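**Student:** coords-v8.cif is the file, holding mmCIF, C-alpha atoms and all ligand atoms; chains and numbers go by the auth columns:
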```cif
data_entry
#
loop_
_atom_site.group_PDB
_atom_site.id
_atom_site.type_symbol
_atom_site.label_atom_id
_atom_site.label_comp_id
_atom_site.label_asym_id
_atom_site.label_seq_id
_atom_site.Cartn_x
_atom_site.Cartn_y
_atom_site.Cartn_z
_atom_site.B_iso_or_equiv
_atom_site.auth_seq_id
_atom_site.auth_asym_id
ATOM 1 C CA MET A 1 -38.492 -73.125 -159.543 0.00 1 A
ATOM 2 C CA THR A 2 -35.987 -70.987 -161.369 0.00 2 A
ATOM 3 C CA MET A 3 -36.470 -67.345 -162.065 0.00 3 A
ATOM 4 C CA LYS A 4 -34.547 -65.685 -164.819 0.00 4 A
ATOM 5 C CA GLN A 5 -34.597 -61.934 -165.150 0.00 5 A
ATOM 6 C CA ARG A 6 -34.102 -60.799 -168.672 0.00 6 A
ATOM 7 C CA ASP A 7 -36.650 -58.315 -169.830 0.00 7 A
ATOM 8 C CA ASP A 8 -35.208 -54.966 -168.857 0.00 8 A
ATOM 9 C CA ASP A 9 -38.618 -53.419 -168.405 0.00 9 A
ATOM 10 C CA VAL A 10 -39.202 -56.036 -165.763 0.00 10 A
ATOM 11 C CA VAL A 11 -35.727 -55.765 -164.273 0.00 11 A
ATOM 12 C CA ALA A 12 -35.950 -51.994 -163.846 0.00 12 A
ATOM 13 C CA PRO A 13 -38.608 -51.822 -161.156 0.00 13 A
ATOM 14 C CA PHE A 14 -37.431 -55.148 -159.719 0.00 14 A
ATOM 15 C CA SER A 15 -33.787 -54.195 -159.513 0.00 15 A
ATOM 16 C CA TYR A 16 -34.034 -54.642 -155.733 0.00 16 A
ATOM 17 C CA LEU A 17 -33.786 -58.360 -156.460 0.00 17 A
ATOM 18 C CA ASP A 18 -30.050 -58.212 -156.837 0.00 18 A
ATOM 19 C CA SER A 19 -29.770 -56.960 -153.302 0.00 19 A
ATOM 20 C CA LEU A 20 -32.338 -59.374 -152.040 0.00 20 A
ATOM 21 C CA LEU A 21 -29.697 -61.949 -152.820 0.00 21 A
ATOM 22 C CA ASP A 22 -26.887 -59.757 -151.626 0.00 22 A
ATOM 23 C CA ASP A 23 -26.614 -61.867 -148.515 0.00 23 A
ATOM 24 C CA LEU A 24 -25.507 -64.749 -150.712 0.00 24 A
ATOM 25 C CA ARG A 25 -22.777 -62.776 -152.296 0.00 25 A
ATOM 26 C CA VAL A 26 -19.165 -63.193 -151.325 0.00 26 A
ATOM 27 C CA GLU A 27 -18.345 -59.570 -150.809 0.00 27 A
ATOM 28 C CA GLY A 28 -15.291 -59.195 -148.648 0.00 28 A
ATOM 29 C CA ARG A 29 -17.272 -59.801 -145.507 0.00 29 A
ATOM 30 C CA GLY A 30 -17.493 -63.561 -145.794 0.00 30 A
ATOM 31 C CA ASP A 31 -19.406 -66.391 -147.327 0.00 31 A
ATOM 32 C CA VAL A 32 -23.020 -67.368 -147.648 0.00 32 A
ATOM 33 C CA ALA A 33 -23.165 -68.726 -144.144 0.00 33 A
ATOM 34 C CA ALA A 34 -21.821 -65.494 -142.686 0.00 34 A
ATOM 35 C CA ASN A 35 -24.419 -63.376 -144.469 0.00 35 A
ATOM 36 C CA ASP A 36 -27.505 -65.515 -144.478 0.00 36 A
ATOM 37 C CA GLY A 37 -29.085 -63.613 -141.611 0.00 37 A
ATOM 38 C CA LEU A 38 -30.460 -60.902 -143.812 0.00 38 A
ATOM 39 C CA LEU A 39 -33.260 -62.838 -145.485 0.00 39 A
ATOM 40 C CA ALA A 40 -33.992 -64.622 -142.218 0.00 40 A
ATOM 41 C CA ARG A 41 -34.456 -61.274 -140.466 0.00 41 A
ATOM 42 C CA LEU A 42 -36.754 -59.994 -143.187 0.00 42 A
ATOM 43 C CA HIS A 43 -38.802 -63.163 -142.985 0.00 43 A
ATOM 44 C CA ALA A 44 -38.945 -63.072 -139.176 0.00 44 A
ATOM 45 C CA GLU A 45 -40.225 -59.492 -139.278 0.00 45 A
ATOM 46 C CA VAL A 46 -42.924 -60.417 -141.791 0.00 46 A
ATOM 47 C CA MET A 47 -43.950 -63.366 -139.617 0.00 47 A
ATOM 48 C CA ASP A 48 -44.048 -61.166 -136.478 0.00 48 A
ATOM 49 C CA HIS A 49 -46.216 -58.499 -138.060 0.00 49 A
ATOM 50 C CA VAL A 50 -48.397 -60.476 -140.454 0.00 50 A
ATOM 51 C CA GLY A 51 -47.752 -64.204 -140.184 0.00 51 A
ATOM 52 C CA ASP A 52 -48.621 -66.676 -142.895 0.00 52 A
ATOM 53 C CA ALA A 53 -52.409 -66.583 -142.776 0.00 53 A
ATOM 54 C CA ARG A 54 -52.771 -63.672 -145.198 0.00 54 A
ATOM 55 C CA PRO A 55 -50.565 -61.847 -147.700 0.00 55 A
ATOM 56 C CA VAL A 56 -48.621 -58.793 -146.540 0.00 56 A
ATOM 57 C CA ASP A 57 -50.530 -55.621 -147.347 0.00 57 A
ATOM 58 C CA ASP A 58 -49.005 -52.237 -148.161 0.00 58 A
ATOM 59 C CA LYS A 59 -50.440 -50.904 -144.879 0.00 59 A
ATOM 60 C CA ASP A 60 -48.326 -53.443 -142.961 0.00 60 A
ATOM 61 C CA THR A 61 -44.948 -52.399 -144.276 0.00 61 A
ATOM 62 C CA ASP A 62 -44.577 -49.037 -142.476 0.00 62 A
ATOM 63 C CA ALA A 63 -44.498 -50.880 -139.158 0.00 63 A
ATOM 64 C CA MET A 64 -41.545 -53.049 -140.229 0.00 64 A
ATOM 65 C CA PRO A 65 -38.326 -51.172 -139.390 0.00 65 A
ATOM 66 C CA TYR A 66 -35.930 -53.759 -140.783 0.00 66 A
ATOM 67 C CA LEU A 67 -37.835 -53.913 -144.078 0.00 67 A
ATOM 68 C CA GLN A 68 -37.811 -50.110 -144.293 0.00 68 A
ATOM 69 C CA ALA A 69 -34.058 -50.045 -143.584 0.00 69 A
ATOM 70 C CA PHE A 70 -33.540 -52.772 -146.190 0.00 70 A
ATOM 71 C CA VAL A 71 -35.413 -50.792 -148.863 0.00 71 A
ATOM 72 C CA LYS A 72 -33.450 -47.658 -148.026 0.00 72 A
ATOM 73 C CA GLU A 73 -30.170 -49.577 -148.271 0.00 73 A
ATOM 74 C CA LEU A 74 -31.274 -50.984 -151.647 0.00 74 A
ATOM 75 C CA LEU A 75 -31.896 -47.496 -152.930 0.00 75 A
ATOM 76 C CA ARG A 76 -28.544 -46.305 -151.557 0.00 76 A
ATOM 77 C CA LYS A 77 -26.394 -49.180 -152.827 0.00 77 A
ATOM 78 C CA HIS A 78 -28.348 -50.122 -155.961 0.00 78 A
ATOM 79 C CA PRO A 79 -30.234 -47.068 -157.202 0.00 79 A
ATOM 80 C CA PRO A 80 -32.380 -48.054 -160.212 0.00 80 A
ATOM 81 C CA THR A 81 -31.063 -45.039 -162.071 0.00 81 A
ATOM 82 C CA TYR A 82 -27.503 -43.708 -161.771 0.00 82 A
ATOM 83 C CA PHE A 83 -28.307 -40.275 -163.148 0.00 83 A
ATOM 84 C CA SER A 84 -30.865 -37.651 -162.325 0.00 84 A
ATOM 85 C CA LEU A 85 -32.757 -36.278 -165.296 0.00 85 A
ATOM 86 C CA THR A 86 -30.926 -33.510 -167.075 0.00 86 A
ATOM 87 C CA HIS A 87 -30.999 -30.218 -165.217 0.00 87 A
ATOM 88 C CA ALA A 88 -29.787 -26.781 -166.270 0.00 88 A
ATOM 89 C CA ALA A 89 -28.838 -23.540 -164.569 0.00 89 A
ATOM 90 C CA VAL A 90 -31.414 -20.880 -165.379 0.00 90 A
ATOM 91 C CA GLN A 91 -29.440 -17.996 -163.857 0.00 91 A
ATOM 92 C CA PRO A 92 -26.072 -16.876 -165.257 0.00 92 A
ATOM 93 C CA GLY A 93 -23.258 -17.085 -162.689 0.00 93 A
ATOM 94 C CA SER A 94 -24.560 -20.281 -161.047 0.00 94 A
ATOM 95 C CA LYS A 95 -22.076 -22.425 -159.125 0.00 95 A
ATOM 96 C CA LEU A 96 -22.305 -26.030 -157.950 0.00 96 A
ATOM 97 C CA ALA A 97 -19.677 -27.537 -155.647 0.00 97 A
ATOM 98 C CA GLY A 98 -17.336 -24.715 -156.629 0.00 98 A
ATOM 99 C CA TYR A 99 -17.808 -25.187 -160.378 0.00 99 A
ATOM 100 C CA ASP A 100 -19.242 -22.503 -162.641 0.00 100 A
ATOM 101 C CA ILE A 101 -22.337 -23.795 -164.437 0.00 101 A
ATOM 102 C CA PRO A 102 -23.043 -21.966 -167.711 0.00 102 A
ATOM 103 C CA THR A 103 -26.690 -21.513 -168.590 0.00 103 A
ATOM 104 C CA ASP A 104 -26.389 -23.526 -171.828 0.00 104 A
ATOM 105 C CA ALA A 105 -24.924 -26.631 -170.115 0.00 105 A
ATOM 106 C CA ASN A 106 -26.747 -29.901 -169.509 0.00 106 A
ATOM 107 C CA LEU A 107 -26.216 -30.987 -165.922 0.00 107 A
ATOM 108 C CA ASP A 108 -26.539 -34.708 -165.143 0.00 108 A
ATOM 109 C CA ILE A 109 -25.849 -35.732 -161.567 0.00 109 A
ATOM 110 C CA PHE A 110 -24.241 -39.155 -161.031 0.00 110 A
ATOM 111 C CA LEU A 111 -26.121 -40.274 -157.923 0.00 111 A
ATOM 112 C CA PRO A 112 -23.726 -42.998 -156.606 0.00 112 A
ATOM 113 C CA THR A 113 -20.984 -40.433 -156.037 0.00 113 A
ATOM 114 C CA ILE A 114 -23.230 -39.130 -153.285 0.00 114 A
ATOM 115 C CA SER A 115 -24.655 -42.373 -151.901 0.00 115 A
ATOM 116 C CA GLU A 116 -21.265 -44.110 -151.847 0.00 116 A
ATOM 117 C CA ASP A 117 -19.195 -41.119 -150.768 0.00 117 A
ATOM 118 C CA PRO A 118 -16.786 -42.306 -148.043 0.00 118 A
ATOM 119 C CA LYS A 119 -16.873 -38.803 -146.562 0.00 119 A
ATOM 120 C CA LEU A 120 -20.611 -39.197 -145.966 0.00 120 A
ATOM 121 C CA TRP A 121 -20.980 -42.921 -145.248 0.00 121 A
ATOM 122 C CA ASP A 122 -19.457 -45.482 -142.964 0.00 122 A
ATOM 123 C CA ARG A 123 -18.407 -48.567 -145.048 0.00 123 A
ATOM 124 C CA PRO A 124 -20.126 -47.183 -148.184 0.00 124 A
ATOM 125 C CA THR A 125 -19.557 -50.237 -150.378 0.00 125 A
ATOM 126 C CA GLU A 126 -21.079 -52.639 -147.894 0.00 126 A
ATOM 127 C CA PHE A 127 -24.740 -53.637 -148.129 0.00 127 A
ATOM 128 C CA ASP A 128 -25.908 -53.230 -144.559 0.00 128 A
ATOM 129 C CA PRO A 129 -29.514 -52.294 -143.722 0.00 129 A
ATOM 130 C CA ASP A 130 -28.550 -52.078 -140.040 0.00 130 A
ATOM 131 C CA ARG A 131 -26.810 -48.778 -140.746 0.00 131 A
ATOM 132 C CA PHE A 132 -30.260 -47.154 -140.750 0.00 132 A
ATOM 133 C CA LEU A 133 -31.583 -48.721 -137.559 0.00 133 A
ATOM 134 C CA ALA A 134 -31.618 -47.014 -134.156 0.00 134 A
ATOM 135 C CA GLY A 135 -28.488 -45.083 -133.386 0.00 135 A
ATOM 136 C CA GLY A 136 -27.079 -45.642 -136.860 0.00 136 A
ATOM 137 C CA GLU A 137 -26.805 -43.465 -139.922 0.00 137 A
ATOM 138 C CA THR A 138 -29.626 -41.270 -141.129 0.00 138 A
ATOM 139 C CA ALA A 139 -30.649 -40.292 -144.604 0.00 139 A
ATOM 140 C CA ASP A 140 -33.612 -38.309 -145.771 0.00 140 A
ATOM 141 C CA ILE A 141 -34.193 -39.704 -149.269 0.00 141 A
ATOM 142 C CA THR A 142 -36.040 -36.554 -150.289 0.00 142 A
ATOM 143 C CA GLY A 143 -32.832 -34.560 -149.767 0.00 143 A
ATOM 144 C CA SER A 144 -34.676 -31.827 -147.863 0.00 144 A
ATOM 145 C CA ALA A 145 -32.798 -32.454 -144.596 0.00 145 A
ATOM 146 C CA GLY A 146 -29.393 -32.654 -146.282 0.00 146 A
ATOM 147 C CA ILE A 147 -28.127 -34.567 -149.285 0.00 147 A
ATOM 148 C CA ARG A 148 -26.627 -38.001 -148.494 0.00 148 A
ATOM 149 C CA MET A 149 -28.581 -40.154 -150.945 0.00 149 A
ATOM 150 C CA ILE A 150 -31.047 -38.909 -153.541 0.00 150 A
ATOM 151 C CA PRO A 151 -32.218 -41.938 -155.553 0.00 151 A
ATOM 152 C CA PHE A 152 -35.306 -39.936 -156.566 0.00 152 A
ATOM 153 C CA GLY A 153 -33.465 -36.679 -157.217 0.00 153 A
ATOM 154 C CA ALA A 154 -34.115 -33.602 -155.089 0.00 154 A
ATOM 155 C CA GLY A 155 -35.707 -30.200 -155.232 0.00 155 A
ATOM 156 C CA ARG A 156 -38.695 -29.177 -157.288 0.00 156 A
ATOM 157 C CA ARG A 157 -37.982 -31.763 -160.004 0.00 157 A
ATOM 158 C CA ILE A 158 -37.828 -34.638 -157.497 0.00 158 A
ATOM 159 C CA CYS A 159 -39.437 -37.843 -158.732 0.00 159 A
ATOM 160 C CA PRO A 160 -43.218 -37.613 -158.235 0.00 160 A
ATOM 161 C CA GLY A 161 -43.284 -41.431 -157.991 0.00 161 A
ATOM 162 C CA LEU A 162 -41.217 -41.530 -154.760 0.00 162 A
ATOM 163 C CA ALA A 163 -44.047 -42.701 -152.505 0.00 163 A
ATOM 164 C CA MET A 164 -45.359 -45.156 -155.081 0.00 164 A
ATOM 165 C CA GLY A 165 -41.865 -46.503 -155.759 0.00 165 A
ATOM 166 C CA THR A 166 -40.867 -47.019 -152.124 0.00 166 A
ATOM 167 C CA THR A 167 -44.254 -48.503 -151.210 0.00 167 A
ATOM 168 C CA HIS A 168 -44.091 -50.984 -154.059 0.00 168 A
ATOM 169 C CA ILE A 169 -40.515 -52.051 -153.363 0.00 169 A
ATOM 170 C CA ALA A 170 -41.289 -52.669 -149.678 0.00 170 A
ATOM 171 C CA LEU A 171 -44.456 -54.586 -150.516 0.00 171 A
ATOM 172 C CA MET A 172 -42.807 -56.700 -153.205 0.00 172 A
ATOM 173 C CA VAL A 173 -39.816 -57.586 -151.040 0.00 173 A
ATOM 174 C CA ALA A 174 -42.084 -58.463 -148.110 0.00 174 A
ATOM 175 C CA ARG A 175 -44.338 -60.638 -150.261 0.00 175 A
ATOM 176 C CA MET A 176 -41.476 -62.380 -152.005 0.00 176 A
ATOM 177 C CA VAL A 177 -39.868 -63.225 -148.684 0.00 177 A
ATOM 178 C CA GLN A 178 -43.185 -64.221 -147.133 0.00 178 A
ATOM 179 C CA ALA A 179 -44.024 -66.593 -149.978 0.00 179 A
ATOM 180 C CA PHE A 180 -40.634 -68.040 -150.971 0.00 180 A
ATOM 181 C CA GLU A 181 -37.276 -69.158 -149.690 0.00 181 A
ATOM 182 C CA TRP A 182 -34.548 -67.622 -151.842 0.00 182 A
ATOM 183 C CA SER A 183 -31.081 -68.916 -152.512 0.00 183 A
ATOM 184 C CA ALA A 184 -28.419 -68.827 -155.191 0.00 184 A
ATOM 185 C CA HIS A 185 -29.197 -71.086 -158.148 0.00 185 A
ATOM 186 C CA PRO A 186 -26.614 -73.886 -158.517 0.00 186 A
ATOM 187 C CA SER A 187 -25.824 -72.701 -162.042 0.00 187 A
ATOM 188 C CA GLN A 188 -24.810 -69.284 -160.690 0.00 188 A
ATOM 189 C CA PRO A 189 -23.481 -69.897 -157.185 0.00 189 A
ATOM 190 C CA LYS A 190 -21.517 -66.677 -157.189 0.00 190 A
ATOM 191 C CA LEU A 191 -23.619 -63.696 -158.067 0.00 191 A
ATOM 192 C CA ASP A 192 -22.218 -61.303 -160.595 0.00 192 A
ATOM 193 C CA PHE A 193 -23.232 -57.772 -159.725 0.00 193 A
ATOM 194 C CA LYS A 194 -21.700 -56.211 -162.814 0.00 194 A
ATOM 195 C CA ASP A 195 -24.264 -53.840 -164.189 0.00 195 A
ATOM 196 C CA ARG A 196 -24.840 -51.751 -167.238 0.00 196 A
ATOM 197 C CA VAL A 197 -26.720 -48.539 -167.696 0.00 197 A
ATOM 198 C CA GLU A 198 -29.666 -48.626 -170.042 0.00 198 A
ATOM 199 C CA PHE A 199 -32.705 -46.447 -169.436 0.00 199 A
ATOM 200 C CA THR A 200 -32.263 -47.743 -165.896 0.00 200 A
ATOM 201 C CA VAL A 201 -29.453 -49.776 -164.355 0.00 201 A
ATOM 202 C CA VAL A 202 -29.760 -53.476 -165.183 0.00 202 A
ATOM 203 C CA MET A 203 -27.702 -56.529 -164.290 0.00 203 A
ATOM 204 C CA ASP A 204 -25.226 -57.389 -167.011 0.00 204 A
ATOM 205 C CA ARG A 205 -25.777 -61.099 -166.401 0.00 205 A
ATOM 206 C CA PRO A 206 -29.363 -62.147 -165.730 0.00 206 A
ATOM 207 C CA LEU A 207 -30.022 -63.108 -162.161 0.00 207 A
ATOM 208 C CA ARG A 208 -30.719 -66.780 -161.550 0.00 208 A
ATOM 209 C CA ALA A 209 -32.188 -67.685 -158.208 0.00 209 A
ATOM 210 C CA ALA A 210 -33.508 -70.879 -156.658 0.00 210 A
ATOM 211 C CA VAL A 211 -36.945 -70.128 -155.273 0.00 211 A
ATOM 212 C CA LYS A 212 -38.792 -72.549 -153.010 0.00 212 A
ATOM 213 C CA PRO A 213 -42.443 -71.899 -152.093 0.00 213 A
ATOM 214 C CA ARG A 214 -43.118 -71.757 -148.357 0.00 214 A
ATOM 215 C CA ASN A 215 -46.080 -73.442 -146.720 0.00 215 A
ATOM 216 C CA LEU A 216 -48.640 -70.676 -146.365 0.00 216 A
ATOM 217 C CA SER A 217 -52.185 -70.910 -145.124 0.00 217 A
ATOM 218 C CA PHE A 218 -53.775 -68.590 -147.652 0.00 218 A
HETATM 219 C C1 LIG B . -37.837 -46.895 -157.321 0.00 301 A
HETATM 220 C C2 LIG B . -38.536 -46.213 -158.222 0.00 301 A
HETATM 221 C C3 LIG B . -38.104 -44.903 -158.832 0.00 301 A
HETATM 222 C C4 LIG B . -36.888 -44.252 -158.804 0.00 301 A
HETATM 223 C C5 LIG B . -35.605 -44.679 -158.104 0.00 301 A
HETATM 224 C C6 LIG B . -37.052 -43.016 -159.554 0.00 301 A
HETATM 225 C C7 LIG B . -36.051 -42.075 -159.754 0.00 301 A
HETATM 226 C C8 LIG B . -36.217 -40.877 -160.414 0.00 301 A
HETATM 227 C C9 LIG B . -35.186 -39.871 -160.590 0.00 301 A
HETATM 228 C C10 LIG B . -33.749 -39.974 -160.074 0.00 301 A
HETATM 229 C C11 LIG B . -35.722 -38.851 -161.258 0.00 301 A
HETATM 230 C C12 LIG B . -35.000 -37.555 -161.669 0.00 301 A
HETATM 231 C C13 LIG B . -35.191 -36.482 -160.607 0.00 301 A
HETATM 232 C C14 LIG B . -34.265 -35.304 -160.796 0.00 301 A
HETATM 233 O O1 LIG B . -33.738 -35.126 -161.890 0.00 301 A
HETATM 234 O O2 LIG B . -34.061 -34.530 -159.844 0.00 301 A
HETATM 235 C C15 LIG B . -37.108 -39.179 -161.542 0.00 301 A
HETATM 236 C C16 LIG B . -37.981 -38.364 -162.209 0.00 301 A
HETATM 237 C C17 LIG B . -39.285 -38.702 -162.495 0.00 301 A
HETATM 238 N N1 LIG B . -39.951 -39.838 -162.100 0.00 301 A
HETATM 239 FE FE1 LIG B . -39.162 -41.363 -161.029 0.00 301 A
HETATM 240 N N2 LIG B . -38.343 -42.940 -160.011 0.00 301 A
HETATM 241 C C18 LIG B . -39.026 -44.063 -159.583 0.00 301 A
HETATM 242 C C19 LIG B . -40.347 -44.370 -159.775 0.00 301 A
HETATM 243 C C20 LIG B . -41.241 -43.564 -160.444 0.00 301 A
HETATM 244 C C21 LIG B . -42.648 -43.850 -160.597 0.00 301 A
HETATM 245 C C22 LIG B . -43.351 -45.069 -159.977 0.00 301 A
HETATM 246 C C23 LIG B . -43.168 -42.830 -161.331 0.00 301 A
HETATM 247 C C24 LIG B . -44.580 -42.596 -161.802 0.00 301 A
HETATM 248 C C25 LIG B . -45.631 -43.286 -161.381 0.00 301 A
HETATM 249 C C26 LIG B . -42.086 -41.903 -161.651 0.00 301 A
HETATM 250 C C27 LIG B . -42.217 -40.743 -162.389 0.00 301 A
HETATM 251 C C28 LIG B . -41.227 -39.801 -162.588 0.00 301 A
HETATM 252 C C29 LIG B . -41.405 -38.556 -163.340 0.00 301 A
HETATM 253 C C30 LIG B . -42.689 -38.095 -164.064 0.00 301 A
HETATM 254 C C31 LIG B . -40.194 -37.856 -163.274 0.00 301 A
HETATM 255 C C32 LIG B . -39.854 -36.494 -163.886 0.00 301 A
HETATM 256 C C33 LIG B . -40.125 -35.383 -162.881 0.00 301 A
HETATM 257 C C34 LIG B . -39.745 -34.002 -163.423 0.00 301 A
HETATM 258 O O3 LIG B . -38.834 -33.885 -164.234 0.00 301 A
HETATM 259 O O4 LIG B . -40.377 -33.018 -163.021 0.00 301 A
HETATM 260 N N3 LIG B . -40.938 -42.381 -161.089 0.00 301 A
HETATM 261 N N4 LIG B . -37.385 -40.424 -161.007 0.00 301 A
#
```
Can I see the file as structure tokens?
**Tutor:**
Amino acid sequence: MTMKQRDDDVVAPFSYLDSLLDDLRVEGRGDVAANDGLLARLHAEVMDHVGDARPVDDKDTDAMPYLQAFVKELLRKHPPTYFSLTHAAVQPGSKLAGYDIPTDANLDIFLPTISEDPKLWDRPTEFDPDRFLAGGETADITGSAGIRMIPFGAGRRICPGLAMGTTHIALMVARMVQAFEWSAHPSQPKLDFKDRVEFTVVMDRPLRAAVKPRNLSF
């Protein structure tokens, strides 16, 4: 089975897919063989917690630390939107990071400058869910305990869909890994992560993946 992502409305909420295949990408760290542990670990966690006798449920996903770390790393490395919504200073004399912000200015925050800031992150360009596991890096995605990644914005205009978004991403990733084996499609052995900004961030070249159904008992 071949899956081709094209429709941007579909790609937007499913933009985690590019990272789902990140382990197949030659990205400085090595080749497919060197990185193929990522999907295997996700699958092993799903099998440990749920197995193959029923579909993963949203109530299952909180108890899966690797899946949670994976989703967080997706949102850090591949935020679905690069910019917050436009903000404005309501008080004259406002300053942000040392800059004066006039009250008539539109203020758009480019989120990857935070989530890939080498002053804040160890190996910021590397996709590595392990960074969030025990003893590793921390990040409160709401921004209330310090701003290191804010894929949903921060403050009183923070995205009201945060819980829905994170729950759905975790559930979709878990189900896709539970039900299918994923690999690079032969027509696109080397993934091209070039993106372009539309309403959300989309892949410039549609993702092609080889998807093999697993033997499930439901
Ligand atoms: C992974 C999924 C999502 C991401 C990454 C995301 C990201 C964002 C970001 C960055 C903002 C701007 C916040 C700011 O400017 O400070 C925002 C605003 C908003 N989001 Fe989301 N969002 C997601 C899913 C959703 C969902 C599922 C809903 C609704 C069911 C939603 C509804 C909204 C609304 C209504 C706002 C405007 C809030 C305001 O201006 O007061 N979002 N989102």
**Student:** Point out the residue among A:Gln91, A:Ser187, A:Gln178, A:Thr167 with the least atom-to-atom distance to ligand LIG 301 (chain A), counting all atoms listed in the file.
**Tutor:**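 With all atoms listed in the file as the atom set, the closest residue is A:Thr167.
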**Student:** For Pro129 (chain A), which residue among A:Pro189, A:Pro206, A:Pro65, A:Gly143 is the nearest when counting all atoms listed in the file?
**Tutor:**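 Between A:Pro189, A:Pro206, A:Pro65, A:Gly143, the residue approaching Pro129 (chain A) most closely is A:Pro65.
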**Student:** Starting from the shown file, work through the PyMOL selection byres (((not hetatm)) within 7 of (chain A and resi 301)) and note down what comes out as number ranges by chain.
**Tutor:** A: 13, 75, 79-81, 83-87, 151-155, 157-162, 164-166
**Student:** Excluding same-chain residues fewer than 5 positions from region 179-183 of chain A, what lies within 7 Å of it counting all atoms listed in the file, as number ranges by chain?
**Tutor:** A: 209-214
**Student:** Mind pulling up the distance from CA of Ala88 (chain A) to CA of Pro124 (chain A)?
**Tutor:**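 Here the two named atoms are 28.9 Å from each other.
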**Student:** Quick one: which residues end up in the PyMOL selection byres (((chain A and resi 203-205) around 7) and not hetatm) for this structure, as a VMD selection string?
**Tutor:** chain A and resid 192 to 196 201 to 202 206 to 207
**Student:** Taking the file as shown, find all residues satisfying the PyMOL selection byres (((chain A and resi 66) around 12) and not hetatm) and write them as JSON, numbers by chain.
**Tutor:** {"A": [38, 39, 40, 41, 42, 43, 44, 45, 46, 48, 49, 61, 62, 63, 64, 65, 67, 68, 69, 70, 71, 72, 73, 128, 129, 130, 131, 132, 133, 134, 170, 173, 174]}
